$ cat start-v5.cif   # mmCIF, C-alpha atoms
data_input
loop_
_atom_site.label_atom_id
_atom_site.label_comp_id
_atom_site.auth_asym_id
_atom_site.auth_seq_id
_atom_site.Cartn_x
_atom_site.Cartn_y
_atom_site.Cartn_z
CA MET A 1480 -17.07 -1.57 -11.47
CA SER A 1481 -17.64 -5.22 -10.54
CA PHE A 1482 -18.18 -6.57 -7.04
CA MET A 1483 -14.82 -8.35 -7.18
CA ALA A 1484 -12.97 -5.19 -8.23
CA LEU A 1485 -14.49 -3.27 -5.34
CA THR A 1486 -13.70 -6.12 -2.95
CA ASN A 1487 -10.08 -6.23 -4.14
CA LEU A 1488 -9.73 -2.48 -3.58
CA LEU A 1489 -11.09 -2.70 -0.04
CA ALA A 1490 -8.95 -5.77 0.67
CA CYS A 1491 -5.81 -3.87 -0.38
CA LEU A 1492 -6.67 -1.00 1.97
CA ILE A 1493 -7.29 -3.40 4.86
CA LEU A 1494 -4.03 -5.21 4.11
CA TRP A 1495 -2.15 -1.89 4.14
CA VAL A 1496 -3.64 -0.98 7.54
CA LEU A 1497 -2.74 -4.37 9.04
CA LEU A 1498 0.75 -4.23 7.57
CA SER A 1499 1.20 -0.71 8.96
CA PHE A 1500 0.38 -1.95 12.45
CA ALA A 1501 2.86 -4.80 12.05
CA LEU A 1502 5.57 -2.36 10.94
CA LEU A 1503 4.65 -0.11 13.87
CA GLY A 1504 5.56 -2.98 16.19
CA LEU A 1505 8.79 -3.53 14.27
CA GLY A 1506 9.62 0.17 14.60
CA LYS A 1507 9.12 0.12 18.37
CA TYR A 1508 11.54 -2.79 18.56
CA LEU A 1509 14.16 -1.11 16.35
CA THR A 1510 14.08 2.11 18.42
CA ARG A 1511 15.95 0.15 21.11
CA PHE A 1512 19.07 0.53 19.00
CA ASN A 1513 18.63 4.25 18.36
CA PRO A 1514 15.66 6.17 19.80
CA ALA A 1515 16.81 9.35 18.05
CA MET A 1516 16.33 8.31 14.41
CA PRO A 1517 13.26 9.88 12.73
CA GLN A 1518 14.29 8.38 9.39
CA LEU A 1519 13.25 4.98 10.76
CA TRP A 1520 9.56 5.88 10.53
CA TRP A 1521 9.82 7.20 6.99
CA GLY A 1522 11.54 3.95 6.06
CA LEU A 1523 8.77 1.87 7.64
CA LEU A 1524 6.14 3.94 5.85
CA ALA A 1525 7.89 3.28 2.53
CA ILE A 1526 8.16 -0.46 3.29
CA SER A 1527 4.39 -0.64 3.89
CA PHE A 1528 3.86 -0.01 0.17
CA VAL A 1529 6.22 -2.79 -1.00
CA PRO A 1530 3.48 -5.45 -1.50
CA PHE A 1531 1.59 -3.09 -3.80
CA LEU A 1532 4.48 -2.36 -6.16
CA PRO A 1533 3.66 -3.34 -9.78
CA PHE A 1534 6.88 -5.32 -10.15
CA ASN A 1535 6.33 -9.08 -9.82
CA MET A 1536 9.37 -11.30 -9.33
CA GLN A 1537 7.38 -14.25 -10.63
CA GLN A 1538 7.57 -12.68 -14.09
CA HIS A 1539 11.35 -13.15 -14.08
CA TYR A 1540 12.03 -16.07 -11.76
CA GLN A 1541 9.83 -19.13 -11.58
CA ALA A 1542 10.76 -19.76 -7.96
CA LEU A 1543 7.39 -20.95 -6.66
CA PRO A 1544 7.96 -24.37 -5.04
CA VAL A 1545 6.27 -27.27 -6.77
CA ALA A 1546 4.31 -28.09 -3.62
CA LEU A 1547 2.60 -24.70 -3.84
CA TYR A 1548 1.19 -25.16 -7.33
CA ALA A 1549 -1.71 -27.18 -5.94
CA VAL A 1550 -2.35 -24.43 -3.40
CA SER A 1551 -2.25 -21.85 -6.18
CA GLU A 1552 -4.72 -23.88 -8.21
CA HIS A 1553 -7.02 -24.20 -5.21
CA ALA A 1554 -6.78 -20.46 -4.55
CA GLU A 1555 -7.74 -19.82 -8.17
CA GLN A 1556 -10.77 -22.09 -7.82
CA VAL A 1557 -11.85 -20.28 -4.66
CA LYS A 1558 -11.44 -16.91 -6.37
CA LEU A 1559 -13.37 -18.08 -9.42
CA GLN A 1560 -16.12 -19.54 -7.25
CA THR A 1561 -16.37 -16.18 -5.48
CA GLU A 1562 -16.61 -14.43 -8.85
CA LEU A 1563 -19.40 -16.72 -10.00
CA VAL A 1564 -21.36 -16.29 -6.76
CA ALA A 1565 -20.82 -12.54 -6.86
CA ARG A 1566 -21.96 -12.41 -10.47
CA SER A 1567 -25.20 -14.25 -9.70
CA SER A 1568 -25.88 -12.47 -6.40
CA PHE A 1569 -24.65 -8.99 -7.25
CA SER A 1570 -25.48 -8.36 -10.88
CA TRP A 1571 -25.73 -4.57 -10.66
CA ASP A 1572 -22.94 -2.12 -11.26
CA PHE A 1573 -20.90 -1.37 -8.14
CA SER A 1574 -19.67 1.93 -9.56
CA VAL A 1575 -22.44 3.54 -7.53
CA VAL A 1576 -21.05 2.00 -4.32
CA LEU A 1577 -17.56 3.16 -5.27
CA ALA A 1578 -18.88 6.67 -5.94
CA ILE A 1579 -20.56 6.74 -2.50
CA LEU A 1580 -17.36 5.57 -0.80
CA MET A 1581 -15.36 8.20 -2.71
CA VAL A 1582 -17.78 10.92 -1.61
CA ILE A 1583 -17.42 9.80 2.02
CA TYR A 1584 -13.63 9.69 1.69
CA ILE A 1585 -13.45 13.15 0.11
CA ALA A 1586 -15.83 14.61 2.71
CA VAL A 1587 -13.87 13.23 5.68
CA THR A 1588 -10.54 14.21 4.10
CA ALA A 1589 -11.80 17.74 3.48
CA LYS A 1590 -12.98 17.98 7.09
CA LYS A 1591 -9.60 16.79 8.38
CA LEU A 1592 -7.74 19.25 6.16
CA MET A 1593 -9.99 22.12 7.22
CA ARG A 1594 -9.36 21.37 10.89
CA PHE A 1595 -5.66 21.13 10.25
CA TRP A 1596 -5.60 24.41 8.33
CA HIS A 1597 -7.69 26.09 11.04
CA ALA A 1598 -5.13 25.00 13.65
CA HIS A 1599 -2.41 26.35 11.37
CA ASN A 1600 -4.17 29.71 11.19
CA VAL A 1601 -4.66 29.77 14.97
CA ILE A 1602 -0.91 29.35 15.44
CA ASN A 1603 -0.24 32.11 12.90
CA ASP A 1604 -2.65 34.41 14.73
CA LEU A 1605 -0.91 33.62 18.00
CA LEU A 1606 2.47 34.35 16.45
CA ALA A 1607 1.15 37.65 15.09
CA MET A 1608 0.24 38.64 18.66
CA GLY A 1609 3.76 37.91 19.90
CA GLU A 1610 6.41 40.52 20.53
CA PRO A 1611 9.39 40.25 18.17
CA THR A 1612 12.60 39.75 20.09
CA THR A 1613 16.22 39.61 19.01
CA PHE A 1614 18.80 37.30 20.55
CA THR A 1615 22.50 37.20 19.78
CA GLN A 1616 22.44 33.38 19.87
CA THR A 1617 20.30 33.11 16.73
CA ASN A 1618 19.40 34.94 13.55
CA ILE A 1619 16.04 33.15 13.31
CA GLN A 1620 13.03 35.38 13.83
CA THR A 1621 11.87 35.00 17.44
CA VAL A 1622 8.70 36.16 19.18
CA VAL A 1623 7.59 36.09 22.81
CA LEU A 1624 3.96 35.01 23.01
CA PRO A 1625 1.36 36.51 25.37
CA VAL A 1626 0.66 33.03 26.82
CA ASN A 1627 2.68 30.44 28.69
CA CYS A 1628 2.97 27.52 26.30
CA SER A 1629 5.81 25.26 25.34
CA PRO A 1630 8.41 26.88 23.05
CA PHE A 1631 8.02 25.72 19.47
CA VAL A 1632 9.15 26.31 15.90
CA SER A 1633 6.68 27.07 13.13
CA GLY A 1634 6.57 28.49 9.61
CA LEU A 1635 6.49 26.82 6.21
CA TRP A 1636 8.53 29.35 4.27
CA ARG A 1637 10.40 31.12 7.05
CA SER A 1638 11.07 29.47 10.37
CA LYS A 1639 9.99 31.33 13.48
CA ILE A 1640 10.74 30.47 17.12
CA ALA A 1641 7.89 31.07 19.57
CA LEU A 1642 8.72 31.49 23.27
CA PRO A 1643 6.39 31.59 26.30
CA LYS A 1644 5.52 34.81 28.15
CA CYS A 1645 7.55 33.81 31.19
CA PHE A 1646 10.68 33.29 29.09
CA VAL A 1647 12.03 36.74 29.99
CA SER A 1648 12.10 35.87 33.71
CA LEU A 1649 14.05 32.65 33.27
CA PRO A 1650 17.68 32.16 34.32
CA GLN A 1651 20.05 32.75 31.44
CA THR A 1652 21.05 29.06 31.33
CA HIS A 1653 17.41 28.05 30.83
CA LYS A 1654 16.94 30.72 28.18
CA ASN A 1655 19.94 29.46 26.25
CA THR A 1656 18.78 25.85 26.56
CA LEU A 1657 15.34 26.60 25.12
CA LEU A 1658 16.74 28.77 22.33
CA TYR A 1659 19.36 26.23 21.33
CA HIS A 1660 16.77 23.43 21.35
CA GLU A 1661 14.45 25.30 18.99
CA MET A 1662 17.37 26.36 16.80
CA THR A 1663 18.24 22.69 16.36
CA HIS A 1664 14.66 21.91 15.39
CA SER A 1665 14.85 24.68 12.79
CA LEU A 1666 18.21 23.44 11.51
CA TYR A 1667 16.80 19.96 10.85
CA ARG A 1668 13.50 21.32 9.50
CA ASP A 1669 11.62 19.17 11.98
CA HIS A 1670 8.52 21.37 11.76
CA HIS A 1671 8.41 20.73 8.00
CA THR A 1672 8.74 16.98 8.59
CA LEU A 1673 5.86 17.02 11.04
CA PHE A 1674 3.77 19.19 8.72
CA VAL A 1675 4.17 16.73 5.83
CA TRP A 1676 3.32 13.73 8.03
CA GLN A 1677 0.23 15.47 9.42
CA VAL A 1678 -1.03 16.28 5.92
CA LEU A 1679 -0.42 12.66 4.93
CA SER A 1680 -2.44 11.55 7.97
CA CYS A 1681 -5.31 13.77 6.83
CA PHE A 1682 -5.43 11.98 3.48
CA CYS A 1683 -4.95 8.53 5.05
CA TRP A 1684 -7.31 9.05 8.00
CA PHE A 1685 -8.65 5.50 7.59
CA ASN A 1686 -5.28 4.11 8.74
CA PRO A 1687 -4.97 4.65 12.51
CA ALA A 1688 -1.45 3.18 12.47
CA LEU A 1689 -0.20 6.39 10.83
CA TYR A 1690 -1.28 8.43 13.85
CA LYS A 1691 0.64 6.09 16.15
CA MET A 1692 3.64 6.30 13.83
CA GLN A 1693 3.36 10.08 13.96
CA ALA A 1694 3.57 10.01 17.77
CA ALA A 1695 6.63 7.75 17.52
CA LEU A 1696 8.12 10.10 14.92
CA VAL A 1697 7.72 13.04 17.34
CA LYS A 1698 9.53 11.04 20.04
CA ALA A 1699 12.40 10.34 17.68
CA ILE A 1700 12.53 13.99 16.56
CA GLU A 1701 12.67 15.24 20.15
CA SER A 1702 15.29 12.65 21.16
CA ARG A 1703 17.48 13.60 18.21
CA CYS A 1704 17.04 17.28 19.01
CA ASP A 1705 18.02 16.67 22.65
CA GLN A 1706 21.19 14.84 21.66
CA LYS A 1707 22.23 17.24 18.90
CA THR A 1708 21.54 20.33 21.03
CA ILE A 1709 23.61 19.06 23.97
CA THR A 1710 26.47 17.99 21.70
CA ARG A 1711 26.51 21.00 19.38
CA PHE A 1712 26.29 23.68 22.06
CA ALA A 1713 28.20 21.75 24.77
CA LEU A 1714 25.37 22.05 27.27
CA ASN A 1715 25.32 20.56 30.73
CA LYS A 1716 23.00 17.55 30.74
CA LYS A 1717 21.66 18.33 34.20
CA THR A 1718 20.86 21.93 33.25
CA TYR A 1719 19.19 20.71 30.06
CA ALA A 1720 17.00 18.27 32.02
CA GLN A 1721 16.08 21.04 34.50
CA ALA A 1722 14.96 23.29 31.65
CA MET A 1723 12.76 20.48 30.30
CA LEU A 1724 11.17 19.95 33.71
CA TRP A 1725 10.60 23.69 34.07
CA VAL A 1726 8.67 23.78 30.78
CA LEU A 1727 6.54 20.84 31.86
CA LYS A 1728 5.80 22.42 35.22
CA TYR A 1729 5.09 26.05 34.36
CA CYS A 1730 3.91 26.05 30.72
CA ASP A 1731 0.53 25.09 29.32
CA CYS A 1732 1.34 22.03 27.22
CA GLY A 1733 -2.31 21.30 26.51
CA ASN A 1734 -2.27 23.84 23.72
CA LYS A 1735 -1.38 21.70 20.71
CA GLN A 1736 0.97 23.12 18.09
CA GLN A 1737 -0.40 21.33 15.05
CA THR A 1738 2.12 22.79 12.61
CA GLY A 1739 5.18 23.14 14.82
CA VAL A 1740 7.46 21.05 17.00
CA ALA A 1741 7.47 21.92 20.68
CA PHE A 1742 10.07 21.51 23.43
CA ALA A 1743 7.29 19.87 25.48
CA SER A 1744 5.22 18.06 22.87
CA THR A 1745 1.63 16.99 23.51
CA ALA A 1746 2.39 13.79 21.58
CA LEU A 1747 4.55 12.57 24.48
CA SER A 1748 3.16 10.88 27.58
CA LEU A 1749 4.60 10.97 31.09
CA GLU A 1750 6.40 7.69 30.43
CA ASP A 1751 7.84 9.18 27.26
CA TYR A 1752 9.24 12.12 29.20
CA LYS A 1753 10.76 9.79 31.77
CA GLN A 1754 12.46 7.91 28.96
CA ARG A 1755 13.48 11.14 27.29
CA LEU A 1756 15.08 12.42 30.51
CA THR A 1757 16.83 9.08 30.90
CA ASN A 1758 18.20 9.37 27.35
CA VAL A 1759 19.40 12.90 28.10
CA MET A 1760 21.33 11.83 31.20
CA LEU A 1761 22.37 8.38 29.92
CA PRO A 1762 22.16 8.41 26.12
CA VAL A 1763 21.80 5.09 24.31
CA LYS A 1764 24.74 4.12 22.15
CA ALA A 1765 23.37 4.41 18.62
CA LYS A 1766 23.44 1.24 16.55
CA THR A 1767 22.21 2.74 13.31
CA GLY A 1768 23.69 -0.07 11.27
CA ARG A 1769 21.41 -2.62 12.92
CA ILE A 1770 18.37 -0.48 12.19
CA CYS A 1771 19.32 -0.07 8.53
CA LEU A 1772 20.02 -3.79 8.24
CA GLY A 1773 16.68 -4.58 9.87
CA LEU A 1774 14.83 -2.29 7.46
CA ILE A 1775 16.59 -3.73 4.41
CA LEU A 1776 16.01 -7.35 5.46
CA ASN A 1777 12.36 -6.76 6.25
CA ALA A 1778 11.83 -4.91 2.96
CA LEU A 1779 13.44 -7.77 1.01
CA LEU A 1780 11.49 -10.40 2.94
CA LEU A 1781 8.22 -8.58 2.37
CA PHE A 1782 9.06 -8.13 -1.31
CA VAL A 1783 9.90 -11.80 -1.85
CA VAL A 1784 6.89 -13.09 0.09
CA SER A 1785 4.46 -10.75 -1.65
CA SER A 1786 5.93 -11.60 -5.06
CA GLN A 1787 5.51 -15.32 -4.41
CA LEU A 1788 2.06 -15.15 -2.86
CA ARG A 1789 0.52 -12.58 -5.20
CA PRO A 1790 -0.05 -15.08 -8.06
CA MET A 1791 -1.75 -17.44 -5.60
CA PHE A 1792 -4.44 -14.95 -4.65
CA THR A 1793 -4.63 -12.77 -7.75
CA PRO A 1794 -4.10 -15.26 -10.60
CA SER A 1795 -4.64 -13.07 -13.66
CA GLU A 1796 -3.17 -15.49 -16.22
CA PRO A 1797 -1.00 -17.78 -14.13
CA ASN A 1798 -1.52 -21.16 -15.77
CA TRP A 1799 -2.36 -20.87 -19.46
CA ALA A 1800 -1.34 -23.97 -21.42
CA PRO A 1801 -1.96 -25.25 -24.97
CA PRO A 1802 -5.01 -27.53 -25.34
CA LEU A 1803 -3.13 -30.02 -27.56
CA GLU A 1804 0.39 -31.39 -27.43
CA THR A 1805 0.87 -31.67 -31.21
CA TYR A 1806 -1.06 -29.74 -33.81
CA PHE A 1807 -0.84 -27.18 -36.59
CA ILE A 1808 -3.05 -24.15 -37.14
CA SER A 1809 -5.18 -24.26 -40.26
CA SER A 1810 -7.12 -21.04 -39.66
CA HIS A 1811 -6.15 -18.09 -37.50
CA PHE A 1812 -8.28 -15.67 -35.51
CA GLY A 1813 -9.91 -13.06 -37.74
CA HIS A 1814 -9.42 -15.05 -40.96
CA ILE A 1815 -12.18 -14.49 -43.52
CA SER A 1816 -13.34 -17.28 -45.88
CA GLN A 1817 -16.38 -18.19 -47.96
CA PHE A 1818 -16.85 -21.30 -45.81
CA ARG A 1819 -17.85 -18.98 -42.93
CA ASN A 1820 -19.93 -16.74 -45.17
CA ASN A 1821 -17.09 -14.18 -45.30
CA LYS A 1822 -17.31 -13.60 -41.55
CA ALA A 1823 -14.20 -13.16 -39.44
CA HIS A 1824 -13.03 -16.32 -37.72
CA ALA A 1825 -13.90 -16.10 -34.01
CA GLY A 1826 -11.10 -18.42 -32.85
CA SER A 1827 -8.22 -20.61 -34.00
CA ASP A 1828 -8.52 -24.02 -35.68
CA LEU A 1829 -5.95 -26.53 -34.38
CA VAL A 1830 -5.64 -29.59 -36.59
CA ALA A 1831 -4.89 -32.94 -34.93
CA PRO A 1832 -5.95 -36.58 -35.49
CA LYS A 1833 -9.45 -37.52 -34.43
CA GLY A 1834 -9.47 -38.87 -30.87
CA THR A 1835 -6.54 -36.74 -29.69
CA PHE A 1836 -7.02 -35.67 -26.08
CA VAL A 1837 -8.06 -32.04 -25.60
CA SER A 1838 -6.92 -30.37 -22.35
CA SER A 1839 -8.26 -27.35 -20.53
CA VAL A 1840 -6.10 -24.29 -21.18
CA ALA A 1841 -6.49 -23.13 -17.55
CA THR A 1842 -8.19 -23.99 -14.27
CA GLY A 1843 -11.91 -23.30 -14.37
CA LYS A 1844 -15.51 -24.39 -14.03
CA VAL A 1845 -17.47 -26.05 -16.87
CA LEU A 1846 -20.47 -23.99 -17.97
CA VAL A 1847 -21.47 -25.96 -21.08
CA ALA A 1848 -20.70 -29.55 -22.08
CA ASP A 1849 -23.18 -30.68 -24.79
CA SER A 1850 -24.20 -30.17 -28.41
CA GLN A 1851 -27.54 -28.41 -27.80
CA THR A 1852 -26.84 -25.23 -25.78
CA LEU A 1853 -24.79 -23.40 -28.42
CA PRO A 1854 -25.44 -23.18 -32.21
CA SER A 1855 -25.31 -26.53 -34.03
CA ASN A 1856 -22.32 -25.35 -36.10
CA TYR A 1857 -20.14 -25.92 -33.00
CA GLY A 1858 -21.11 -29.60 -32.69
CA LYS A 1859 -20.13 -31.05 -29.33
CA VAL A 1860 -18.73 -28.19 -27.30
CA VAL A 1861 -17.25 -27.48 -23.87
CA LEU A 1862 -17.27 -23.96 -22.42
CA VAL A 1863 -15.11 -23.30 -19.34
CA GLN A 1864 -15.20 -20.24 -17.09
CA HIS A 1865 -11.80 -19.09 -15.79
CA SER A 1866 -10.90 -16.40 -13.30
CA ASN A 1867 -10.70 -12.68 -14.08
CA GLY A 1868 -13.44 -12.82 -16.68
CA TYR A 1869 -11.81 -15.32 -19.08
CA GLN A 1870 -13.65 -18.15 -20.84
CA SER A 1871 -12.41 -20.86 -23.20
CA LEU A 1872 -14.56 -22.70 -25.76
CA TYR A 1873 -13.67 -26.05 -27.38
CA ALA A 1874 -15.84 -26.98 -30.39
CA HIS A 1875 -16.26 -29.92 -32.84
CA LEU A 1876 -15.33 -32.46 -30.14
CA ASP A 1877 -15.79 -36.17 -30.70
CA GLN A 1878 -16.23 -37.00 -26.99
CA THR A 1879 -16.60 -34.92 -23.83
CA PHE A 1880 -15.25 -36.13 -20.47
CA VAL A 1881 -16.80 -33.42 -18.29
CA ASN A 1882 -20.26 -32.25 -17.33
CA LYS A 1883 -21.73 -28.87 -16.54
CA GLY A 1884 -20.60 -27.72 -13.08
CA ASP A 1885 -17.40 -29.79 -13.04
CA TRP A 1886 -14.08 -28.24 -12.05
CA VAL A 1887 -11.15 -28.74 -14.42
CA THR A 1888 -7.49 -28.03 -13.82
CA VAL A 1889 -5.00 -26.76 -16.33
CA GLY A 1890 -3.98 -29.69 -18.55
CA GLY A 1891 -6.95 -31.80 -17.44
CA HIS A 1892 -8.62 -33.76 -20.26
CA ILE A 1893 -12.06 -32.45 -21.18
CA GLY A 1894 -12.64 -34.38 -24.46
CA THR A 1895 -11.17 -35.51 -27.75
CA VAL A 1896 -10.71 -33.92 -31.17
CA GLY A 1897 -13.58 -34.67 -33.54
CA GLU A 1898 -15.46 -33.37 -36.56
CA THR A 1899 -18.94 -32.72 -35.18
CA GLY A 1900 -20.87 -29.66 -36.35
CA LYS A 1901 -19.98 -27.70 -39.48
CA VAL A 1902 -16.43 -28.78 -40.38
CA THR A 1903 -14.29 -29.89 -43.31
CA GLY A 1904 -12.22 -32.32 -41.26
CA PRO A 1905 -11.21 -33.27 -37.71
CA HIS A 1906 -9.83 -30.32 -35.73
CA LEU A 1907 -10.33 -28.34 -32.52
CA HIS A 1908 -11.94 -24.93 -32.80
CA LEU A 1909 -10.63 -22.92 -29.83
CA GLU A 1910 -12.08 -19.59 -28.72
CA ILE A 1911 -10.94 -17.36 -25.85
CA LEU A 1912 -13.29 -14.74 -24.48
CA HIS A 1913 -12.44 -11.99 -22.01
CA LYS A 1914 -15.38 -10.32 -20.30
CA GLY A 1915 -17.66 -11.47 -23.10
CA LYS A 1916 -15.41 -10.26 -25.94
CA LYS A 1917 -13.70 -12.78 -28.23
CA ILE A 1918 -9.93 -12.30 -28.41
CA ASN A 1919 -7.11 -13.98 -30.31
CA PRO A 1920 -6.25 -17.24 -28.46
CA LEU A 1921 -2.61 -16.83 -29.45
CA ASP A 1922 -2.47 -13.61 -27.43
CA VAL A 1923 -2.83 -15.55 -24.18
CA ILE A 1924 -1.69 -19.09 -25.00
CA LYS A 1925 1.82 -19.92 -26.12
CA VAL A 1926 1.72 -22.26 -29.10
CA ASN A 1927 4.07 -25.22 -29.35
#
$ encode --input "start-v5.cif" --output "structure tokens"
Amino acid sequence: MSFMALTNLLACLILWVLLSFALLGLGKYLTRFNPAMPQLWWGLLAISFVPFLPFNMQQHYQALPVALYAVSEHAEQVKLQTELVARSSFSWDFSVVLAILMVIYIAVTAKKLMRFWHAHNVINDLLAMGEPTTFTQTNIQTVVLPVNCSPFVSGLWRSKIALPKCFVSLPQTHKNTLLYHEMTHSLYRDHHTLFVWQVLSCFCWFNPALYKMQAALVKAIESRCDQKTITRFALNKKTYAQAMLWVLKYCDCGNKQQTGVAFASTALSLEDYKQRLTNVMLPVKAKTGRICLGLILNALLLFVVSSQLRPMFTPSEPNWAPPLETYFISSHFGHISQFRNNKAHAGSDLVAPKGTFVSSVATGKVLVADSQTLPSNYGKVVLVQHSNGYQSLYAHLDQTFVNKGDWVTVGGHIGTVGETGKVTGPHLHLEILHKGKKINPLDVIKVN
């Protein structure tokens, strides 16, 4: 792996983290319109991957403003200059660095997963210690735990409601409130949602925005559960709020349920509970349409912007152009003839009158511009380095207009057609190399 490839990989990860934080801010704004919408955070997570989709709108619509072409060309020069510096300064293989980073990533991920699974087993052990209890209000398996913790729902394959030890001494209205709340969690599979997000956070531990999104997701889950429970079971809002306060006051909420969703979640702060109680007593009128519209518009905006800017900063083959305006091909790539001692032709011969201007096929930096560096058969030659490992070679020139170290832009004149070196007549011998390997010029350059 090259230094540039490794740098691009790390840059993409950093960009994803920064974009995730930006979307986190957007999500906090959108929750004004509906604080009880967990789907919002899944939507924002999906949007964070939009810039990395393989589809490029530039391939179908040439919508880049003319004024930006100069910027694109400059960005390509900067990228190429970075490649050349990296090649001279970091000549060794960076696969070793990548392997070390992968080992670190796998080790940290394994540690995170082990901690998560240990917490999962602790909860299972706690549930195994509970006393099975049957309630007429629900057919979900229910256990009363030997500790006073917040009620919660757990279980990947079969949902199970866990209740605190002091549950049996509660007033019947509080009992019903807690049961109905956890039944709603089970109905919406909220514990499964949280489980999936927590596993995702273990694999993406390098992105702290996901942990903040997870906390926001828990808030949305609890707010939705509050609203749905009150509406579905026709509960008194004041009684519901009293039950919530009772759990906060008498239960140990410092015992985190890593694989379940709790009535009193450790992901919520005191301010969150104040807001949650406010939403219970005075629920916000949901404006789901505005949230959906906001998500769609932001996804489209991010898609368009990334599609337009991607060619400016990752110009793989953005500006190939023919080296001559008028010509015909006398010998194709791979052609074998006695003139070349029965060796395959390494490029394409483009026939044009002597003195015809030869243009650079892409933006690049001149590496060779003489008749001594390369074999004498080439005559006067110009060799240009382009980005992404491409090089172009122009042989048998009559004149050269550039010197070693010069920058040339696509379409810029670098010389004229001639018949220097070993030739049978005036023509341009064009070669295209990619990472040191000669390829067919017609595979990358559209002929007229």
$ resolve_selection --input "start-v5.cif" --expression "the PyMOL selection byres ((chain A and resi 1688) around 8)" --output "JSON, numbers by chain"
{"A": [1496, 1499, 1500, 1503, 1686, 1687, 1689, 1690, 1691, 1692]}
$ residues_around --input "start-v5.cif" --residues "stretch 1838-1847 of chain A" --least-positions-apart "5" --cutoff "6 Å" --atoms "only C-alpha atoms" --output "JSON list (two decimals) with C-alpha atoms, in the frame of the given file"
[["chain", "number", "residue", "atom", "x", "y", "z"],
["A", 1798, "ASN", "CA", -1.52, -21.16, -15.77],
["A", 1799, "TRP", "CA", -2.36, -20.87, -19.46],
["A", 1800, "ALA", "CA", -1.34, -23.97, -21.42],
["A", 1801, "PRO", "CA", -1.96, -25.25, -24.97],
["A", 1802, "PRO", "CA", -5.01, -27.53, -25.34],
["A", 1861, "VAL", "CA", -17.25, -27.48, -23.87],
["A", 1862, "LEU", "CA", -17.27, -23.96, -22.42],
["A", 1863, "VAL", "CA", -15.11, -23.30, -19.34],
["A", 1864, "GLN", "CA", -15.20, -20.24, -17.09],
["A", 1865, "HIS", "CA", -11.80, -19.09, -15.79],
["A", 1883, "LYS", "CA", -21.73, -28.87, -16.54],
["A", 1884, "GLY", "CA", -20.60, -27.72, -13.08],
["A", 1885, "ASP", "CA", -17.40, -29.79, -13.04],
["A", 1886, "TRP", "CA", -14.08, -28.24, -12.05],
["A", 1887, "VAL", "CA", -11.15, -28.74, -14.42],
["A", 1888, "THR", "CA", -7.49, -28.03, -13.82],
["A", 1889, "VAL", "CA", -5.00, -26.76, -16.33],
["A", 1890, "GLY", "CA", -3.98, -29.69, -18.55],
["A", 1891, "GLY", "CA", -6.95, -31.80, -17.44],
["A", 1892, "HIS", "CA", -8.62, -33.76, -20.26],
["A", 1893, "ILE", "CA", -12.06, -32.45, -21.18]]
$ residues_near_point --input "start-v5.cif" --point "(-16.2, -33.3, -41.4)" --cutoff "12 Å" --atoms "only C-alpha atoms" --output "list in words"
Lys1833, Asn1856, Tyr1857, Gly1858, His1875, Leu1876, Asp1877, Val1896, Gly1897, Glu1898, Thr1899, Gly1900, Lys1901, Val1902, Thr1903, Gly1904, Pro1905, His1906 and Leu1907 of chain A
$ resolve_selection --input "start-v5.cif" --expression "the PyMOL selection byres ((chain A and resi 1588) around 10)" --output "JSON, numbers by chain"
{"A": [1582, 1583, 1584, 1585, 1586, 1587, 1589, 1590, 1591, 1592, 1593, 1594, 1678, 1680, 1681, 1682, 1683, 1684, 1685]}
$ resolve_selection --input "start-v5.cif" --expression "the PyMOL selection byres ((chain A and resi 1662) around 9)" --output "number ranges by chain"
A: 1617, 1619, 1632, 1640, 1657-1661, 1663-1667, 1708
$ write_last_selection --input "start-v5.cif" --atoms "C-alpha atoms" --output "mmCIF file, in the frame of the given file"
data_model
loop_
_atom_site.group_PDB
_atom_site.id
_atom_site.type_symbol
_atom_site.label_atom_id
_atom_site.label_comp_id
_atom_site.auth_asym_id
_atom_site.auth_seq_id
_atom_site.Cartn_x
_atom_site.Cartn_y
_atom_site.Cartn_z
ATOM 1 C CA THR A 1617 20.300 33.110 16.730
ATOM 2 C CA ILE A 1619 16.040 33.150 13.310
ATOM 3 C CA VAL A 1632 9.150 26.310 15.900
ATOM 4 C CA ILE A 1640 10.740 30.470 17.120
ATOM 5 C CA LEU A 1657 15.340 26.600 25.120
ATOM 6 C CA LEU A 1658 16.740 28.770 22.330
ATOM 7 C CA TYR A 1659 19.360 26.230 21.330
ATOM 8 C CA HIS A 1660 16.770 23.430 21.350
ATOM 9 C CA GLU A 1661 14.450 25.300 18.990
ATOM 10 C CA THR A 1663 18.240 22.690 16.360
ATOM 11 C CA HIS A 1664 14.660 21.910 15.390
ATOM 12 C CA SER A 1665 14.850 24.680 12.790
ATOM 13 C CA LEU A 1666 18.210 23.440 11.510
ATOM 14 C CA TYR A 1667 16.800 19.960 10.850
ATOM 15 C CA THR A 1708 21.540 20.330 21.030
#
